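Q: Supplied in structure tokens, the structure appears directly below.
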Amino acid sequence: MAEGDVLFVDVVAADRRVWEGEALSVIVRTMEGDIGILPNHEPVLAVLVPSAAEVLTRDGKREVIAVDGGFIAVSDNRVSVLSQYARLAHEISLNEAEHELREAQKLRNEGDNSDATRQHHDRAVAQLAAAKKADSA
Amino acid sequence: MASSLRELRQRRKSVASTQKITRAMELIAASRIIKAHRAAEQGEPFITELIRAVSAVATYSNDEHPLTSSPEKVRRVAMLVITSDRGMNGAYSANAIKTATRLRERLEREGVEVVRYAVGRKAIAYMNFRAQPIRRHWEGFSDSPTFAHAQEIADALIADFMTPYDDGGVDAIYGIYTRMESMLTQTPRARRLLPLEIVEGVHEPGEGEILPLYEFEPDPETVLDALLPMYVRSRVWFYLLQSAASQLASQQRAMKSATDNAKQLIERLTREANQARQAEITQEISEIVGGASALADAAAQD
């Protein structure tokens, strides 16, 4: 990796741009497991699972972002993480996420398998993962 | 004379109360349009990024996928028309419907069957009145759509797109929405949603430039399967947001001109009423003067 190479990262949710900036690395969880992106990575398009994405920014800070699926596109040192729903970890309340997860799981156990419930569940899982990851740092 | 003065005043009063209403609606639209406009702007990065990604997959993978490959012959298409739920928007809904009609006529000339999907009560009422069949319709959120609405509409469209022709499925999807160019201009547009119309935002590789060969994870098929619903949803979402902002903008304009008209009308009626009142007074005075002089004449003769 040549000195000075950075990634331009764009995390976009359906309703807004969640985070944008320069980063040294990006870690996301795809359907096949965690993938880490460093500068000059080969072009990749991967489907994400509900999880917490991690961005190591240029000034050494760590941004944790909850995503409820979507995908990541990498080409030419440009990384776009696209997800219908995305929230920065510090915007998330752990209690609320846990509460939501319980609700969604309850609905699921009662046999409710609608898209809305699944979405709720995915979001709660993602938020929880992000909140925990952010705490562990 | 007295009755006409009363009539004039009555009319002025009624115009004034109409003006109050239109003025209020103008202000409401003005305050909500900022929010709608911002929502439309904030939704834009998502759709542009998505189009980039979809174009990338479509351009660099040769897989046959319903998202990218168009059928040899288009026999039936879905037409999604987005209008408002209520009137008072000037020509907003009428323009969208007109664009839809033009598209439908063009398609029908080509021998393609058109299936209608309507969003907003205006489009539903228009089609019902003309006894045109509507396959699906949605209403009640034309000025403040949420992503859930977009998802519902998109999922219905995708379901029909994936259904084989013989079971009532469609070969293509067109969307008619109103693009918010600025506060002053909103233009209705007809766009093909599916199959994909390539390619916005991806530049042709120049001489000597190497095409990025995407690595797909887990595989192109799965990526496309995940992309398809997301792409359609975000497109519909984009259309809804643009239409909502356009609707409010055109409402504000329509209500502003209504208020201005009311103001002119009030001015005119006030002037007429004053004239009538003055005429009444003049008449009264001349009657009194006439009566007095008649009395004086009578007294002089005595």
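So you can find residues: chains in the structure tokens are A, B, ... in the order shown, residues in each start at 1, and ligands are numbered from 1 in order.
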Compute the chain A side of the contact with chain B at 8 Å, counting only C-alpha atoms, and hand it back as a VMD selection string.

A: chain A and resid 12 to 17 30 to 32 42 to 47 70 73 75 80 82 84

Q: Neighbours of Ser93 of chain B within 7 Å (only C-alpha atoms; same-chain residues fewer than 6 positions away dropped), as a PyMOL selection string?

A: chain B and resi 83-84+122

Q: For the structure I just gave you, how does DSSP split chain A - specifically, which residues are strand (DSSP E or B)? Reply as an NGL selection string.

A: :A and (7-13 or 17-30 or 33-37 or 44-48 or 50-57 or 62-68 or 71-75 or 78-83 or 86-88)

Q: Using only C-alpha atoms, determine which residues lie at most 9 Å from segment 124-132 of chain A, disregarding the query and same-chain residues fewer than 5 positions distant; provide the list as a ChimeraX atom specification.

A: /A:49-54,64-69,86-90,92-94,96-102,104,119,137

Q: Restricting it to N, CA and C atoms, dump the selection as a PDB file, in the first residue's frame.

A:
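What follows is the written file result19.pdb:
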```
ATOM      1  N   VAL A  49     -25.201  -8.510   5.563  1.00  0.00           N
ATOM      2  CA  VAL A  49     -26.232  -8.991   6.484  1.00  0.00           C
ATOM      3  C   VAL A  49     -26.399  -7.929   7.568  1.00  0.00           C
ATOM      4  N   PRO A  50     -27.513  -7.951   8.302  1.00  0.00           N
ATOM      5  CA  PRO A  50     -27.693  -6.963   9.367  1.00  0.00           C
ATOM      6  C   PRO A  50     -26.548  -7.069  10.366  1.00  0.00           C
ATOM      7  N   SER A  51     -25.828  -6.011  10.549  1.00  0.00           N
ATOM      8  CA  SER A  51     -24.639  -6.072  11.390  1.00  0.00           C
ATOM      9  C   SER A  51     -24.131  -4.657  11.640  1.00  0.00           C
ATOM     10  N   ALA A  52     -22.955  -4.596  12.258  1.00  0.00           N
ATOM     11  CA  ALA A  52     -22.325  -3.306  12.481  1.00  0.00           C
ATOM     12  C   ALA A  52     -21.135  -3.168  11.549  1.00  0.00           C
ATOM     13  N   ALA A  53     -21.106  -2.101  10.792  1.00  0.00           N
ATOM     14  CA  ALA A  53     -19.968  -1.835   9.933  1.00  0.00           C
ATOM     15  C   ALA A  53     -18.993  -0.960  10.707  1.00  0.00           C
ATOM     16  N   GLU A  54     -17.705  -1.150  10.432  1.00  0.00           N
ATOM     17  CA  GLU A  54     -16.702  -0.417  11.181  1.00  0.00           C
ATOM     18  C   GLU A  54     -15.819   0.341  10.221  1.00  0.00           C
ATOM     19  N   VAL A  64     -18.646   3.320  14.179  1.00  0.00           N
ATOM     20  CA  VAL A  64     -19.412   2.092  14.058  1.00  0.00           C
ATOM     21  C   VAL A  64     -20.807   2.458  13.570  1.00  0.00           C
ATOM     22  N   ILE A  65     -21.253   1.762  12.542  1.00  0.00           N
ATOM     23  CA  ILE A  65     -22.531   2.094  11.928  1.00  0.00           C
ATOM     24  C   ILE A  65     -23.383   0.839  11.808  1.00  0.00           C
ATOM     25  N   ALA A  66     -24.597   0.918  12.297  1.00  0.00           N
ATOM     26  CA  ALA A  66     -25.511  -0.215  12.175  1.00  0.00           C
ATOM     27  C   ALA A  66     -26.164  -0.194  10.799  1.00  0.00           C
ATOM     28  N   VAL A  67     -26.137  -1.326  10.106  1.00  0.00           N
ATOM     29  CA  VAL A  67     -26.812  -1.420   8.810  1.00  0.00           C
ATOM     30  C   VAL A  67     -27.743  -2.636   8.824  1.00  0.00           C
ATOM     31  N   ASP A  68     -28.896  -2.507   8.193  1.00  0.00           N
ATOM     32  CA  ASP A  68     -29.855  -3.621   8.236  1.00  0.00           C
ATOM     33  C   ASP A  68     -29.817  -4.428   6.949  1.00  0.00           C
ATOM     34  N   GLY A  69     -28.612  -4.639   6.444  1.00  0.00           N
ATOM     35  CA  GLY A  69     -28.512  -5.356   5.177  1.00  0.00           C
ATOM     36  C   GLY A  69     -27.964  -4.429   4.120  1.00  0.00           C
ATOM     37  N   ALA A  86     -29.598   2.865   8.155  1.00  0.00           N
ATOM     38  CA  ALA A  86     -28.258   2.911   8.741  1.00  0.00           C
ATOM     39  C   ALA A  86     -28.223   3.977   9.824  1.00  0.00           C
ATOM     40  N   ARG A  87     -27.575   3.652  10.924  1.00  0.00           N
ATOM     41  CA  ARG A  87     -27.467   4.609  12.030  1.00  0.00           C
ATOM     42  C   ARG A  87     -26.071   4.548  12.605  1.00  0.00           C
ATOM     43  N   LEU A  88     -25.553   5.693  12.985  1.00  0.00           N
ATOM     44  CA  LEU A  88     -24.267   5.736  13.680  1.00  0.00           C
ATOM     45  C   LEU A  88     -24.457   5.188  15.086  1.00  0.00           C
ATOM     46  N   ALA A  89     -23.425   4.531  15.598  1.00  0.00           N
ATOM     47  CA  ALA A  89     -23.545   3.854  16.890  1.00  0.00           C
ATOM     48  C   ALA A  89     -23.939   4.826  17.990  1.00  0.00           C
ATOM     49  N   HIS A  90     -23.381   6.040  17.958  1.00  0.00           N
ATOM     50  CA  HIS A  90     -23.684   6.935  19.080  1.00  0.00           C
ATOM     51  C   HIS A  90     -25.099   7.506  19.009  1.00  0.00           C
ATOM     52  N   ILE A  92     -27.546   5.434  18.741  1.00  0.00           N
ATOM     53  CA  ILE A  92     -28.371   4.294  19.119  1.00  0.00           C
ATOM     54  C   ILE A  92     -28.466   4.193  20.637  1.00  0.00           C
ATOM     55  N   SER A  93     -29.652   3.882  21.097  1.00  0.00           N
ATOM     56  CA  SER A  93     -29.794   3.616  22.524  1.00  0.00           C
ATOM     57  C   SER A  93     -29.861   2.111  22.717  1.00  0.00           C
ATOM     58  N   LEU A  94     -28.959   1.612  23.567  1.00  0.00           N
ATOM     59  CA  LEU A  94     -28.842   0.162  23.758  1.00  0.00           C
ATOM     60  C   LEU A  94     -30.146  -0.415  24.293  1.00  0.00           C
ATOM     61  N   GLU A  96     -33.181   0.712  24.049  1.00  0.00           N
ATOM     62  CA  GLU A  96     -34.248   0.716  23.055  1.00  0.00           C
ATOM     63  C   GLU A  96     -34.073  -0.435  22.076  1.00  0.00           C
ATOM     64  N   ALA A  97     -32.834  -0.633  21.649  1.00  0.00           N
ATOM     65  CA  ALA A  97     -32.553  -1.690  20.685  1.00  0.00           C
ATOM     66  C   ALA A  97     -32.910  -3.055  21.271  1.00  0.00           C
ATOM     67  N   GLU A  98     -32.520  -3.260  22.533  1.00  0.00           N
ATOM     68  CA  GLU A  98     -32.826  -4.537  23.180  1.00  0.00           C
ATOM     69  C   GLU A  98     -34.329  -4.742  23.267  1.00  0.00           C
ATOM     70  N   HIS A  99     -35.010  -3.664  23.639  1.00  0.00           N
ATOM     71  CA  HIS A  99     -36.460  -3.719  23.747  1.00  0.00           C
ATOM     72  C   HIS A  99     -37.086  -4.090  22.400  1.00  0.00           C
ATOM     73  N   GLU A 100     -36.596  -3.421  21.339  1.00  0.00           N
ATOM     74  CA  GLU A 100     -37.133  -3.674  20.004  1.00  0.00           C
ATOM     75  C   GLU A 100     -36.886  -5.115  19.575  1.00  0.00           C
ATOM     76  N   LEU A 101     -35.700  -5.589  19.900  1.00  0.00           N
ATOM     77  CA  LEU A 101     -35.349  -6.950  19.511  1.00  0.00           C
ATOM     78  C   LEU A 101     -36.290  -7.951  20.188  1.00  0.00           C
ATOM     79  N   ARG A 102     -36.539  -7.717  21.483  1.00  0.00           N
ATOM     80  CA  ARG A 102     -37.446  -8.615  22.208  1.00  0.00           C
ATOM     81  C   ARG A 102     -38.828  -8.605  21.561  1.00  0.00           C
ATOM     82  N   ALA A 104     -39.650  -7.850  18.479  1.00  0.00           N
ATOM     83  CA  ALA A 104     -39.634  -8.495  17.169  1.00  0.00           C
ATOM     84  C   ALA A 104     -39.563 -10.013  17.324  1.00  0.00           C
ATOM     85  N   GLN A 119     -37.960  -6.959   9.109  1.00  0.00           N
ATOM     86  CA  GLN A 119     -37.188  -5.740   9.003  1.00  0.00           C
ATOM     87  C   GLN A 119     -36.872  -5.183  10.392  1.00  0.00           C
ATOM     88  N   ALA A 137     -14.808  -0.875  22.306  1.00  0.00           N
ATOM     89  CA  ALA A 137     -13.588  -0.193  21.877  1.00  0.00           C
ATOM     90  C   ALA A 137     -12.962   0.580  23.040  1.00  0.00           C
TER      91      ALA A 137
END
```

Q: Identify which of the residues A:Val81, A:Ala134, A:Val6, A:Ile72 lies closest to Val18 of chain A, counting only C-alpha atoms when measuring atom-to-atom distances.

A: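 Distance minimum relative to Val18 of chain A lands on A:Val81.
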